[in-house]
Amino acid sequence: MDFHPTEDQAAAAGLAAQIFRDLATHERLAAAGTGSDAELWKALAGSGLIAATEDIGLLGLVLLLEEQGRTTAQVPFAATCVYGLLAVAAHGSAEQRARLLPALGSGEAVATGAFPARGRFTADADGRLTGTAPAVPWLRDATHVLVPDTDRALWLVRTDAPGAGTAREETTAPWSAGRLTLTGAEGERLGDGGADGEAYAAVLASARTAFAGLQAGVCAGSLARAVAHTGEREQFGRPLSTNQGVMLRAADAYMDTEAIRVTAYEAAWRIDQGLPAREHALTAAWWASEAGKRVVHAGQHLHGGMGADLDHPVHRHFLWGRQLDAYLGCGSELLAELGAVLAQEV
């Protein structure tokens, strides 16, 4: 394994850090409410970072999503890349790639996915889909949604297609989420899908890895705020950071954050290298779910009474951490799936 970023990956991560730091300020995030930041999305698209994902691979995307997570920037970056750009690039036909990738890379088209499958959607012989998925992330921004049917074939559905309905859903984190309802909506099969379920499994592994990378950034941002606060706040004439209990709590949070990061890097690297990575993506998702929950709780706790203030920046990290925990499937569910995968290999 080689986790050292390439020159292109490092340059992209540095540019992403600058854009998110400059534009995803506390004031702008508060003003955005539960919606996305259209100006920030245009800046990312104009910088070429969205389109660059196709070249820098999943590991490069994880590095970019870490930077987004540090600031909890409200843009559909992860969803568009894993359910749109990378999915079409890997599994679409030549015609689909030529038609869809330019719009996705420029930010004109926004994608999301009704993942995991859970048997919610059925497709008839004419490629018309019926079913419902609650709380699809960034659905209110999306022009396309990637939908797996009961056979785990992948379909791209335009959100403005006849028979496609979206309704506003409020989630813990402000992800512009929505409830997707399809009643005979026309879908476009993504490539031939290969053997049944292979494309679906690949997209799911990439999504789990990408969102784990996002969680690594959310945790790193929460911990950085806690370290700054406890270093400045004094009690009994000395900084809170000199209290042994505070140091131990912060150290545990740091180790958890690093575990999320390294497992996400490993899964992403393996996927980029074309190596089997299903259990590695599950491991990354489990760490992001279980450890991520611990870290954002610690970040809020180390802020004392301020951590309970809904308007404090650290509370946003708490909300994102808990939402990512729920979206990834929660630790026990992921652990059960990982156990089943490992049992099959014995």
# chains A, B, ... in the order shown; residues from 1 in each chain; ligands from 1
>>> residues_around(residues="stretch 302-315 of chain A", least_positions_apart="2", cutoff="7 Å", atoms="only C-alpha atoms", output="JSON, numbers by chain")
{"A": [26, 222, 225, 226, 229, 298, 299, 300, 317, 318, 319]}
>>> closest_atom_pairs(of="stretch 222-268 of chain A", to="stretch 61-80 of chain A", cutoff="10 Å", atoms="only C-alpha atoms", output="CSV")
residue,atom,partner,partner_atom,distance
A:Ser222,CA,A:Arg70,CA,7.5
A:Leu223,CA,A:Arg70,CA,9.5
A:Ala224,CA,A:Arg70,CA,8.8
A:Arg225,CA,A:Arg70,CA,9.9
A:Arg261,CA,A:Glu66,CA,8.7
A:Ala264,CA,A:Val62,CA,7.5
A:Tyr265,CA,A:Val62,CA,7.4
A:Ala268,CA,A:Val62,CA,7.5
>>> atom_distance(atom1="atom CA of A:Arg238", atom2="atom CA of A:Thr257")
27.0 Å
>>> select_by_dssp(residues="stretch 69-310 of chain A", states="strand (DSSP E)", output="CSV table (one decimal) with C-alpha atoms, in the first residue's frame")
chain,number,residue,atom,x,y,z
A,111,ALA,CA,-26.1,13.5,-9.0
A,112,THR,CA,-27.1,11.5,-6.0
A,113,GLY,CA,-28.0,7.9,-5.2
A,121,PHE,CA,-37.4,-0.1,-6.5
A,122,THR,CA,-38.7,-2.4,-9.2
A,123,ALA,CA,-38.1,-1.9,-13.0
A,128,ARG,CA,-39.8,2.3,-15.9
A,129,LEU,CA,-39.1,2.3,-12.2
A,130,THR,CA,-41.5,2.3,-9.2
A,131,GLY,CA,-40.7,2.7,-5.5
A,132,THR,CA,-39.8,5.0,-2.7
A,133,ALA,CA,-36.6,5.9,-0.9
A,134,PRO,CA,-36.6,8.2,2.2
A,135,ALA,CA,-34.0,10.9,2.9
A,136,VAL,CA,-31.8,10.7,-0.2
A,144,HIS,CA,-30.0,12.8,-11.7
A,145,VAL,CA,-30.4,10.1,-9.1
A,146,LEU,CA,-28.7,6.6,-9.4
A,147,VAL,CA,-31.3,4.0,-8.5
A,148,PRO,CA,-30.6,0.2,-8.0
A,154,LEU,CA,-28.3,0.5,-11.9
A,155,TRP,CA,-30.6,3.1,-13.5
A,156,LEU,CA,-30.1,6.8,-13.9
A,157,VAL,CA,-33.3,8.7,-13.4
A,158,ARG,CA,-33.8,12.4,-14.1
A,164,ALA,CA,-40.4,11.1,-10.5
A,165,GLY,CA,-41.3,13.0,-7.4
A,166,THR,CA,-39.2,14.6,-4.7
A,167,ALA,CA,-40.3,15.9,-1.3
A,168,ARG,CA,-38.4,17.9,1.2
A,178,GLY,CA,-35.4,14.6,0.0
A,179,ARG,CA,-37.8,11.7,-0.3
A,180,LEU,CA,-37.7,10.1,-3.7
A,181,THR,CA,-40.9,8.6,-5.1
A,182,LEU,CA,-40.9,6.9,-8.5
A,183,THR,CA,-44.2,5.9,-10.2
A,184,GLY,CA,-43.3,4.4,-13.5
A,185,ALA,CA,-40.5,6.9,-14.1
A,186,GLU,CA,-38.3,6.2,-17.1
A,188,GLU,CA,-31.6,4.9,-18.2
A,189,ARG,CA,-29.7,1.7,-17.6
A,234,GLU,CA,-8.9,28.6,31.6
A,235,GLN,CA,-10.1,27.0,34.8
A,238,ARG,CA,-4.6,27.3,33.9
A,239,PRO,CA,-5.8,26.1,30.4
>>> closest_residue(among="A:Thr171, A:Thr53, A:Gln244, A:Gln215", to="A:Glu258", atoms="only C-alpha atoms")
A:Gln215
>>> select_by_dssp(residues="stretch 6-125 of chain A", states="alpha helix (DSSP H)", output="MDAnalysis selection string")
chainID A and resid 7:23 26:32 38:47 49:71 77:80 86:91 94:105
>>> atom_distance(atom1="atom CA of A:Pro5", atom2="atom CA of A:Leu59")
8.1 Å
>>> residues_around(residues="stretch 324-340 of chain A", least_positions_apart="2", cutoff="8 Å", atoms="only C-alpha atoms", output="list in words")
Arg208, Phe211, Gln215, Glu279, Leu282, Thr283, Ala285, Trp286, Trp287, Ala288, Ser289, Glu290, Gly292, Lys293, Trp320, Gly321, Arg322, Leu342, Ala343 and Gln344 of chain A
>>> closest_residue(among="A:Leu100, A:Ala51, A:Val262, A:Ala267", to="A:Val88", atoms="only C-alpha atoms")
A:Leu100
